[in-house]
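The file target-v9.cif contains mmCIF, C-alpha atoms:
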data_input
#
loop_
_atom_site.label_atom_id
_atom_site.label_comp_id
_atom_site.auth_asym_id
_atom_site.auth_seq_id
_atom_site.Cartn_x
_atom_site.Cartn_y
_atom_site.Cartn_z
CA MET A 256 73.74 72.85 35.25
CA ASN A 257 76.29 74.72 37.38
CA ILE A 258 79.79 75.81 36.42
CA ALA A 259 82.86 77.16 38.22
CA PHE A 260 85.37 79.24 36.27
CA LEU A 261 88.96 79.48 37.52
CA GLY A 262 90.68 82.75 36.62
CA PHE A 263 93.41 85.20 37.50
CA ASN A 264 91.99 88.48 38.81
CA SER A 265 89.08 89.86 40.78
CA PHE A 266 86.24 91.22 38.65
CA LEU A 267 86.04 94.14 41.08
CA VAL A 268 89.54 95.46 40.38
CA HIS A 269 90.35 94.20 36.88
CA LYS A 270 88.17 93.31 33.93
CA ARG A 271 89.94 93.02 30.61
CA GLY A 272 91.25 90.18 28.48
CA VAL A 273 90.76 86.86 30.27
CA GLU A 274 88.02 88.25 32.52
CA ASN A 275 86.02 89.41 29.50
CA VAL A 276 86.48 85.99 27.88
CA ILE A 277 85.11 84.27 31.00
CA ASP A 278 82.19 86.69 31.16
CA PHE A 279 81.34 85.87 27.54
CA GLN A 280 81.71 82.10 27.97
CA SER A 281 79.39 82.15 31.00
CA LYS A 282 76.53 83.19 28.67
CA ALA A 283 77.01 80.34 26.21
CA THR A 284 74.36 78.16 27.81
CA ASN A 285 71.70 78.36 30.53
CA PHE A 286 73.73 77.71 33.67
CA GLU A 287 71.77 77.69 36.92
CA LYS A 288 74.65 78.97 39.05
CA ILE A 289 77.95 80.40 37.88
CA TYR A 290 80.94 80.55 40.23
CA TYR A 291 84.24 82.34 39.68
CA LEU A 292 87.35 81.49 41.74
CA HIS A 293 90.63 83.38 41.72
CA LEU A 294 93.59 84.15 43.94
CA GLY A 295 93.41 87.44 45.80
CA GLU A 296 94.56 89.48 48.77
CA ARG A 297 92.17 87.79 51.19
CA ASN A 298 89.58 85.04 51.50
CA SER A 299 86.26 86.56 50.54
CA ALA A 300 83.06 86.12 48.56
CA TYR A 301 81.27 88.74 46.48
CA ARG A 302 78.78 89.13 43.66
CA TYR A 303 79.60 90.39 40.19
CA LYS A 304 76.70 90.45 37.73
CA HIS A 305 75.56 86.81 37.47
CA PHE A 306 78.76 85.43 39.08
CA ILE A 307 79.18 84.14 42.63
CA CYS A 308 82.84 85.07 43.12
CA ILE A 309 85.23 83.52 45.61
CA SER A 310 88.65 84.99 46.31
CA VAL A 311 91.26 82.62 47.75
CA LYS A 312 94.00 84.35 49.71
CA LYS A 313 97.37 84.01 48.01
CA ASN A 314 99.55 82.37 50.66
CA ILE A 315 101.12 78.96 51.26
CA TYR A 316 97.71 77.50 52.14
CA TRP A 317 95.87 78.53 48.98
CA PRO A 318 95.98 75.05 47.32
CA LEU A 319 94.28 73.59 50.41
CA TYR A 320 91.52 76.22 50.45
CA LEU A 321 91.04 75.90 46.69
CA ASN A 322 90.52 72.15 46.95
CA LEU A 323 88.17 72.45 49.92
CA ILE A 324 86.01 74.94 48.03
CA LEU A 325 85.98 73.03 44.75
CA PHE A 326 85.29 69.63 46.30
CA ARG A 327 82.41 71.16 48.26
CA LEU A 328 80.99 72.73 45.11
CA LYS A 329 81.41 69.45 43.22
CA SER A 330 79.62 67.42 45.89
CA LYS A 331 76.90 69.90 46.89
CA LYS A 332 76.27 71.86 43.68
CA LYS A 333 77.35 69.34 41.02
CA VAL A 334 79.48 71.93 39.22
CA LYS A 335 81.64 71.46 36.16
CA ILE A 336 85.01 73.24 36.17
CA HIS A 337 86.25 75.48 33.37
CA SER A 338 89.75 76.75 34.14
CA HIS A 339 91.72 79.54 32.50
CA THR A 340 94.85 78.94 34.52
CA PRO A 341 96.95 75.75 34.42
CA LEU A 342 98.40 76.53 37.85
CA LEU A 343 95.01 76.32 39.58
CA SER A 344 94.09 73.21 37.60
CA PHE A 345 97.40 71.64 38.59
CA ALA A 346 96.83 72.45 42.27
CA TYR A 347 93.29 71.07 42.15
CA LEU A 348 93.34 67.35 43.01
CA GLY A 349 90.26 66.57 40.92
CA ILE A 350 89.56 66.65 37.20
CA THR A 351 89.17 69.91 35.28
CA ASP A 352 86.42 69.59 32.68
CA ILE A 353 87.70 72.32 30.34
CA LEU A 354 91.03 74.14 30.35
CA THR A 355 91.35 77.25 28.17
CA VAL A 356 94.93 77.86 27.06
CA HIS A 357 95.72 81.47 26.14
CA ASP A 358 99.52 81.22 26.11
CA ALA A 359 101.04 77.84 26.90
CA LEU A 360 102.73 77.84 30.31
CA PHE A 361 106.12 76.41 29.28
CA TYR A 362 106.30 78.58 26.16
CA GLN A 363 105.53 81.70 28.18
CA SER A 364 108.07 80.86 30.89
CA LYS A 365 110.79 80.37 28.27
CA ALA A 366 109.94 83.69 26.62
CA LEU A 367 110.13 85.42 30.01
CA LYS A 368 113.40 83.61 30.80
CA SER A 369 111.97 82.34 34.06
CA ARG A 370 114.24 80.65 36.60
CA PHE A 371 111.57 77.97 37.05
CA VAL A 372 111.20 76.97 33.43
CA GLU A 373 111.73 73.26 34.22
CA ILE A 374 109.01 73.38 36.87
CA PHE A 375 106.59 75.00 34.43
CA PHE A 376 107.45 72.31 31.88
CA LEU A 377 106.48 69.63 34.40
CA ILE A 378 103.30 71.43 35.46
CA GLU A 379 102.08 71.86 31.90
CA LYS A 380 102.87 68.25 31.02
CA LEU A 381 101.00 66.91 34.04
CA VAL A 382 98.02 69.24 33.91
CA TYR A 383 96.91 67.90 30.52
CA LEU A 384 96.51 64.50 32.18
CA LYS A 385 93.90 66.00 34.53
CA VAL A 386 91.75 67.73 31.91
CA LYS A 387 88.88 66.32 29.87
CA ILE A 388 88.94 68.87 27.03
CA VAL A 389 91.52 71.56 26.26
CA HIS A 390 90.38 74.73 24.51
CA PHE A 391 93.06 76.67 22.65
CA ILE A 392 92.36 80.25 21.53
CA SER A 393 94.42 79.82 18.34
CA HIS A 394 96.37 77.28 16.34
CA PHE A 395 99.50 79.09 17.52
CA SER A 396 98.70 78.54 21.21
CA LYS A 397 98.21 74.83 20.53
CA SER A 398 101.37 74.43 18.44
CA ASN A 399 103.45 76.00 21.22
CA SER A 400 101.91 73.91 23.96
CA LEU A 401 103.04 70.57 25.37
CA PHE A 402 99.66 69.04 24.58
CA PRO A 403 100.21 65.46 23.32
CA ASN A 404 99.92 65.21 19.53
CA LYS A 405 97.92 61.98 19.73
CA ASN A 406 95.34 63.43 22.10
CA LYS A 407 92.23 64.50 20.18
CA ASN A 408 90.35 65.98 23.14
CA PHE A 409 90.82 69.61 22.21
CA GLU A 410 89.02 72.46 20.45
CA ILE A 411 90.36 75.59 18.80
CA ILE A 412 87.92 78.46 19.24
CA TYR A 413 88.95 82.05 18.60
CA ASN A 414 88.17 84.99 20.87
CA THR A 415 85.47 87.55 20.18
CA SER A 416 85.01 91.13 21.39
CA SER A 417 82.93 92.18 24.38
CA PHE A 418 82.54 95.58 22.68
CA GLU A 419 80.10 94.13 20.20
CA GLU A 420 77.29 94.61 22.72
CA PHE A 421 78.04 98.36 22.76
CA PHE A 422 78.43 98.60 18.99
CA PRO A 423 76.19 95.89 17.48
CA LEU A 424 76.84 94.59 14.01
CA SER A 425 73.37 95.81 13.03
CA LEU A 426 74.55 99.42 13.31
CA SER A 427 75.96 101.22 10.31
CA GLU A 428 79.67 100.68 9.83
CA GLU A 429 82.17 103.14 11.21
CA GLN A 430 84.29 104.62 8.48
CA HIS A 431 88.06 104.92 8.77
CA SER A 432 89.92 107.87 7.27
CA SER A 433 91.47 105.95 4.39
CA ALA A 434 92.38 109.17 2.59
CA ASN A 435 94.39 110.60 5.48
CA ILE A 436 95.53 108.14 8.13
CA LYS A 437 97.24 110.03 10.93
CA LYS A 438 95.68 108.84 14.21
CA VAL A 439 97.14 105.55 15.45
CA LEU A 440 95.83 103.64 18.48
CA CYS A 441 97.71 100.96 20.46
CA VAL A 442 95.74 99.01 23.07
CA ARG A 443 98.34 97.01 24.97
CA SER A 444 99.66 96.05 28.37
CA ILE A 445 102.80 98.13 28.91
CA GLU A 446 105.39 95.35 28.90
CA GLU A 447 108.61 94.60 27.06
CA ARG A 448 106.91 92.10 24.76
CA ALA A 449 104.70 94.88 23.33
CA ARG A 450 107.79 96.59 21.84
CA PHE A 451 107.08 100.14 22.89
CA ASP A 452 110.77 100.80 22.40
CA LEU A 453 110.06 100.48 18.66
CA LEU A 454 106.95 102.65 18.92
CA ILE A 455 108.99 105.49 20.45
CA GLU A 456 111.45 105.34 17.55
CA VAL A 457 108.59 105.25 15.05
CA ALA A 458 106.96 108.30 16.67
CA GLU A 459 110.25 110.20 16.30
CA LYS A 460 110.45 109.25 12.62
CA LEU A 461 106.81 110.16 11.88
CA PRO A 462 106.07 113.49 13.59
CA ASP A 463 102.92 114.00 11.49
CA PHE A 464 101.27 110.93 13.06
CA ASP A 465 99.56 111.01 16.46
CA PHE A 466 100.08 107.85 18.53
CA THR A 467 97.85 107.02 21.50
CA VAL A 468 98.56 104.09 23.84
CA ALA A 469 95.78 102.78 26.10
CA GLY A 470 96.75 100.30 28.78
CA LYS A 471 98.54 99.85 32.06
CA GLY A 472 101.52 97.71 32.97
CA PRO A 473 104.82 97.57 34.86
CA LEU A 474 106.69 99.75 32.35
CA LEU A 475 104.13 102.54 32.04
CA GLU A 476 106.08 105.19 33.95
CA LYS A 477 109.32 104.18 32.25
CA PHE A 478 107.94 104.85 28.78
CA ARG A 479 106.15 107.99 29.91
CA GLY A 480 109.51 109.25 31.14
CA ILE A 481 111.21 108.46 27.84
CA THR A 482 108.56 110.27 25.79
CA LYS A 483 108.88 113.31 28.05
CA ALA A 484 112.69 113.29 27.88
CA ARG A 485 112.57 113.11 24.07
CA ASN A 486 109.85 115.79 23.80
CA LEU A 487 107.57 113.47 21.84
CA ASN A 488 104.38 115.48 21.62
CA ASN A 489 102.84 113.01 19.16
CA LEU A 490 102.92 110.01 21.52
CA VAL A 491 100.86 109.73 24.70
CA PHE A 492 100.56 106.86 27.20
CA LEU A 493 97.10 107.18 28.75
CA GLY A 494 97.45 104.34 31.23
CA TYR A 495 94.28 102.47 32.18
CA VAL A 496 91.14 103.69 30.42
CA SER A 497 87.53 102.66 31.04
CA ASP A 498 85.58 100.63 28.50
CA ASN A 499 83.55 103.72 27.54
CA SER A 500 86.72 105.71 26.89
CA LEU A 501 88.24 102.85 24.93
CA LEU A 502 85.13 102.64 22.75
CA ASP A 503 85.57 106.31 21.88
CA LEU A 504 89.25 105.78 21.11
CA TYR A 505 88.42 102.97 18.68
CA ARG A 506 85.74 105.09 17.02
CA LEU A 507 88.00 108.12 16.56
CA THR A 508 91.23 106.45 15.48
CA ASP A 509 92.26 105.93 11.85
CA LEU A 510 94.32 102.79 12.42
CA VAL A 511 95.12 100.23 15.13
CA LEU A 512 98.76 99.20 15.65
CA VAL A 513 99.65 95.96 17.47
CA LEU A 514 103.35 95.35 18.07
CA ALA A 515 104.47 92.12 19.76
CA GLU A 516 107.59 90.05 20.34
CA TYR A 517 106.16 86.94 21.99
CA GLY A 518 103.24 85.83 24.14
CA GLU A 519 100.52 86.86 21.70
CA GLY A 520 98.23 83.85 21.71
CA PHE A 521 95.53 85.72 19.82
CA GLY A 522 95.63 89.53 19.55
CA LEU A 523 92.30 90.91 20.78
CA PRO A 524 92.93 94.56 19.73
CA ILE A 525 93.18 93.31 16.13
CA ILE A 526 89.61 92.08 15.96
CA GLU A 527 88.39 95.04 18.02
CA GLY A 528 89.86 97.27 15.35
CA TYR A 529 87.98 95.28 12.72
CA LEU A 530 84.76 95.58 14.71
CA PHE A 531 85.04 99.36 14.27
CA ASN A 532 86.01 98.90 10.61
CA LYS A 533 89.58 100.13 11.12
CA PRO A 534 92.68 98.80 9.37
CA VAL A 535 95.17 97.05 11.66
CA VAL A 536 98.95 96.86 11.24
CA ALA A 537 100.56 94.19 13.42
CA SER A 538 103.83 92.34 13.98
CA ASN A 539 104.36 89.19 11.92
CA VAL A 540 104.75 86.98 15.00
CA CYS A 541 102.85 84.48 17.18
CA ALA A 542 99.14 84.05 16.39
CA ILE A 543 98.83 87.39 14.63
CA PRO A 544 99.23 86.03 11.05
CA GLU A 545 96.24 83.70 11.53
CA VAL A 546 94.07 86.55 12.87
CA ILE A 547 95.05 89.38 10.50
CA ASN A 548 92.78 89.82 7.47
CA ASP A 549 95.56 90.39 4.90
CA LYS A 550 99.30 89.72 4.94
CA PHE A 551 99.85 93.23 3.58
CA PHE A 552 99.22 94.52 7.12
CA LEU A 553 101.95 92.38 8.74
CA THR A 554 105.17 94.14 9.66
CA ALA A 555 108.62 93.09 10.76
CA ASN A 556 109.73 94.41 14.14
CA THR A 557 111.98 97.09 12.72
CA VAL A 558 111.49 100.86 12.75
CA GLU A 559 111.97 101.01 8.98
CA ASP A 560 109.32 98.39 8.20
CA ILE A 561 106.75 99.81 10.62
CA CYS A 562 107.22 103.34 9.27
CA GLY A 563 107.02 102.08 5.70
CA LYS A 564 103.79 100.24 6.41
CA LEU A 565 102.16 103.25 8.07
CA LEU A 566 103.21 105.55 5.23
CA SER A 567 102.01 103.20 2.49
CA ILE A 568 98.74 102.05 3.99
CA GLU A 569 96.80 104.96 2.51
CA LYS A 570 97.61 103.60 -0.94
CA TYR A 571 96.18 100.19 -0.09
CA LYS A 572 92.65 99.56 -1.28
CA PRO A 573 90.39 99.49 1.80
CA SER A 574 88.83 96.19 2.77
CA ALA A 575 85.56 95.38 4.54
CA TYR A 576 87.21 94.96 7.92
CA ARG A 577 83.90 94.76 9.76
CA ASN A 578 82.62 92.04 7.45
CA TYR A 579 85.79 90.05 8.17
CA TYR A 580 85.08 90.35 11.91
CA GLU A 581 81.46 89.31 11.48
CA ASN A 582 82.31 86.25 9.39
CA LYS A 583 85.10 84.97 11.65
CA PHE A 584 84.95 86.44 15.16
CA SER A 585 81.41 87.66 15.85
CA ASN A 586 79.74 87.05 19.22
CA LYS A 587 77.08 84.86 17.60
CA LEU A 588 79.59 82.65 15.81
CA ILE A 589 81.85 82.14 18.84
CA MET A 590 78.89 81.72 21.20
CA ASN A 591 77.55 78.85 19.07
CA LYS A 592 80.93 77.11 19.24
CA PHE A 593 81.07 77.38 23.03
CA SER A 594 77.49 76.18 23.34
CA ALA A 595 78.46 73.06 21.40
CA LEU A 596 81.56 72.64 23.60
CA TYR A 597 79.54 72.79 26.82
CA LYS A 598 77.03 70.29 25.43
CA ARG A 599 79.92 67.84 25.02
CA ILE A 600 80.82 68.25 28.69
CA PHE A 601 77.32 68.26 30.15
#

How would this structure read if it were set down as structure tokens?
Amino acid sequence: MNIAFLGFNSFLVHKRGVENVIDFQSKATNFEKIYYLHLGERNSAYRYKHFICISVKKNIYWPLYLNLILFRLKSKKKVKIHSHTPLLSFAYLGITDILTVHDALFYQSKALKSRFVEIFFLIEKLVYLKVKIVHFISHFSKSNSLFPNKNKNFEIIYNTSSFEEFFPLSLSEEQHSSANIKKVLCVRSIEERARFDLLIEVAEKLPDFDFTVAGKGPLLEKFRGITKARNLNNLVFLGYVSDNSLLDLYRLTDLVLVLAEYGEGFGLPIIEGYLFNKPVVASNVCAIPEVINDKFFLTANTVEDICGKLLSIEKYKPSAYRNYYENKFSNKLIMNKFSALYKRIF
């Protein structure tokens, strides 16, 4: 059995989020050859771990090259196609076997106020006609999609954390500082939807808390400039951090904070916090309520509510956050679900 994954970024320059999900899914069954196709700066091929990676140059000819490559793989290697991008599946003239939907295309384009929202509506509508099975990462991502209600060819399978291999569930649980929560970690892409404008206000209101933000994004320098201008010594934007550094940040923090406005089809930092047995406070939006372990930890997107939640969390009786992760999001549990999904296709 051979499989070709369609994704967004090169494994050589970016591996987080969707790339980690693809890496995990590729281990769900015994594939003979595993291909990974994405758009890039040039046409090239390279190896990454067990992947044979193919970069298709992003120009006006990329749909042609994509189809030539995929049709050759289909005819010569008998591959099945598992896509994580509706745009590539739409451009491909054949049938996509599995399409994973993280955030529905039309929903996302509306949230971003795109000028091409009508085009994205059409693309999403049509792409579901060219897919055998659609995999949604949450009930929220399905409910906000244009997937036909009468179509039963879908599965809802949650994400898991790639960090479990570095911190196995068999190890003793990390303990959070429930008696004195002061260190707060945010692992987010630095974008408007992550509401760092609120975090800056919260940091001003709570000078005794130390806030650390790990992640890169288009607004990184903007928010770094604001924190410097306001002399916020208790808030630092680290930018991109390696997996090893991020593991240490999770281990050392007291609490994980996930703020969002839209486009949160799952909320990976939430379950990563639980993996390290940390409490997580998160915005009461998108898929977050179906991932959070207790509604107590949901917050409105206001400075007052976020501050109130952080100040009162020490009084809340600690829960077995790691047990919650193990029973709902563990590698073993999610792997079994993907193994069953691939058996349906193959």

Selection result for the PyMOL selection byres ((chain A and resi 278) around 10) on this file, as a ChimeraX atom specification: /A:260,266,270,273-277,279-283,291,304-306,417

Could those residues be written to a file, using C-alpha atoms, as a PDB file, in the frame of the given file?
ATOM      1  CA  PHE A 260      85.370  79.240  36.270  1.00  0.00           C
ATOM      2  CA  PHE A 266      86.240  91.220  38.650  1.00  0.00           C
ATOM      3  CA  LYS A 270      88.170  93.310  33.930  1.00  0.00           C
ATOM      4  CA  VAL A 273      90.760  86.860  30.270  1.00  0.00           C
ATOM      5  CA  GLU A 274      88.020  88.250  32.520  1.00  0.00           C
ATOM      6  CA  ASN A 275      86.020  89.410  29.500  1.00  0.00           C
ATOM      7  CA  VAL A 276      86.480  85.990  27.880  1.00  0.00           C
ATOM      8  CA  ILE A 277      85.110  84.270  31.000  1.00  0.00           C
ATOM      9  CA  PHE A 279      81.340  85.870  27.540  1.00  0.00           C
ATOM     10  CA  GLN A 280      81.710  82.100  27.970  1.00  0.00           C
ATOM     11  CA  SER A 281      79.390  82.150  31.000  1.00  0.00           C
ATOM     12  CA  LYS A 282      76.530  83.190  28.670  1.00  0.00           C
ATOM     13  CA  ALA A 283      77.010  80.340  26.210  1.00  0.00           C
ATOM     14  CA  TYR A 291      84.240  82.340  39.680  1.00  0.00           C
ATOM     15  CA  LYS A 304      76.700  90.450  37.730  1.00  0.00           C
ATOM     16  CA  HIS A 305      75.560  86.810  37.470  1.00  0.00           C
ATOM     17  CA  PHE A 306      78.760  85.430  39.080  1.00  0.00           C
ATOM     18  CA  SER A 417      82.930  92.180  24.380  1.00  0.00           C
TER      19      SER A 417
END

Option closest in space to Ile411 (chain A), from A:Thr557, A:Ser330, A:Asn322, A:Thr355 [counting all atoms listed in the file]: A:Thr355

Polymer residues at most 12 Å from Ala458 (chain A), all atoms listed in the file, same-chain spacing of 5 or more positions, as an NGL selection string: :A and (437-439 or 451-453 or 463-468 or 481-482 or 485-491 or 558-559 or 561-562 or 565)

For CA of Pro423 (chain A) and CA of Ser585 (chain A), the interatomic separation in Å (one decimal):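 That distance, rounded to one decimal, is 9.9 Å.
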
Using 7 Å as the limit and counting all atoms listed in the file, can you tabulate each residue of region 339-393 of chain A that touches region 398-406 of chain A, with its shortest atom-to-atom distance in Å and the two atoms involved, as a Markdown table?
| residue | atom | partner | partner_atom | distance |
| --- | --- | --- | --- | --- |
| A:Ala359 | CA | A:Ser400 | CA | 5.0 |
| A:Tyr362 | CA | A:Asn399 | CA | 6.3 |
| A:Glu379 | CA | A:Leu401 | CA | 6.7 |
| A:Lys380 | CA | A:Leu401 | CA | 6.1 |
| A:Tyr383 | CA | A:Phe402 | CA | 6.6 |

Protein/DNA/RNA residues near (105.8, 99.8, 9.4), cut 12 Å, only C-alpha atoms, as a VMD selection string: chain A and resid 453 to 454 456 to 458 460 to 461 512 to 514 535 to 539 551 to 568

Test item: the PyMOL selection byres ((chain A and resi 261) around 8) resolved as a list in words: Ala259, Phe260, Gly262, Phe263, Tyr291, Leu292, His293, Ile336, His337, Ser338, His339, Thr340 and Leu343 of chain A

Atom pair CA of Thr508 (chain A) / CA of Asn532 (chain A): separation (Å):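 Computing it gives 10.4 Å between the two atoms.
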
Nearest-residue call for Tyr290 (chain A), choices A:Asn314, A:Asn257, A:Asn264, A:Ser344, using only C-alpha atoms: A:Asn257

Surrounding residues of Thr284 (chain A) excluding itself and chain neighbours under 6 positions, 9 Å, all atoms listed in the file, as an MDAnalysis selection string: chainID A and resid 590 593:594 597:598

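Between CA of Tyr347 (chain A) and CA of Val382 (chain A) there is a distance of 9.7 Å.
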
Output check: residues returned by the PyMOL selection byres ((chain A and resi 516) around 7), as a list in words: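 When the PyMOL selection byres ((chain A and resi 516) around 7) is applied to the shown file, the picked residues are Arg448, Ala449, Arg450, Ala515, Tyr517 and Val540 of chain A.
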
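Contact shell of Phe421 (chain A) at 10 Å (all atoms listed in the file; same-chain neighbours under 2 positions omitted): Ser417, Phe418, Glu419, Pro423, Leu424, Asp498, Asn499 and Leu502 of chain A.
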
Residue neighbourhood Ala484 (chain A), 12 Å, only C-alpha atoms, exclusion window fewer than 6 positions, as a list in words: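 My reading of the contact set: Ile455, Lys477 and Phe478 of chain A.
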
Do you know which residues are at most 8 Å from Leu342 (chain A) counting all atoms listed in the file, after dropping those on the same chain fewer than 3 positions away, and could you put them as a tab-separated table (two decimals) with C-alpha atoms, in the coordinates of the input?
chain	number	residue	atom	x	y	z
A	345	PHE	CA	97.40	71.64	38.59
A	346	ALA	CA	96.83	72.45	42.27
A	378	ILE	CA	103.30	71.43	35.46

Return as lines of an AutoDock Vina configuration file the centre and edge lengths, in Å with one decimal, of the box along x, y and z that encloses every atom of region 334-351 of chain A in the file, padded by 5 Å per side.
center_x = 88.9
center_y = 73.1
center_z = 37.8
size_x = 28.9
size_y = 23.0
size_z = 20.5
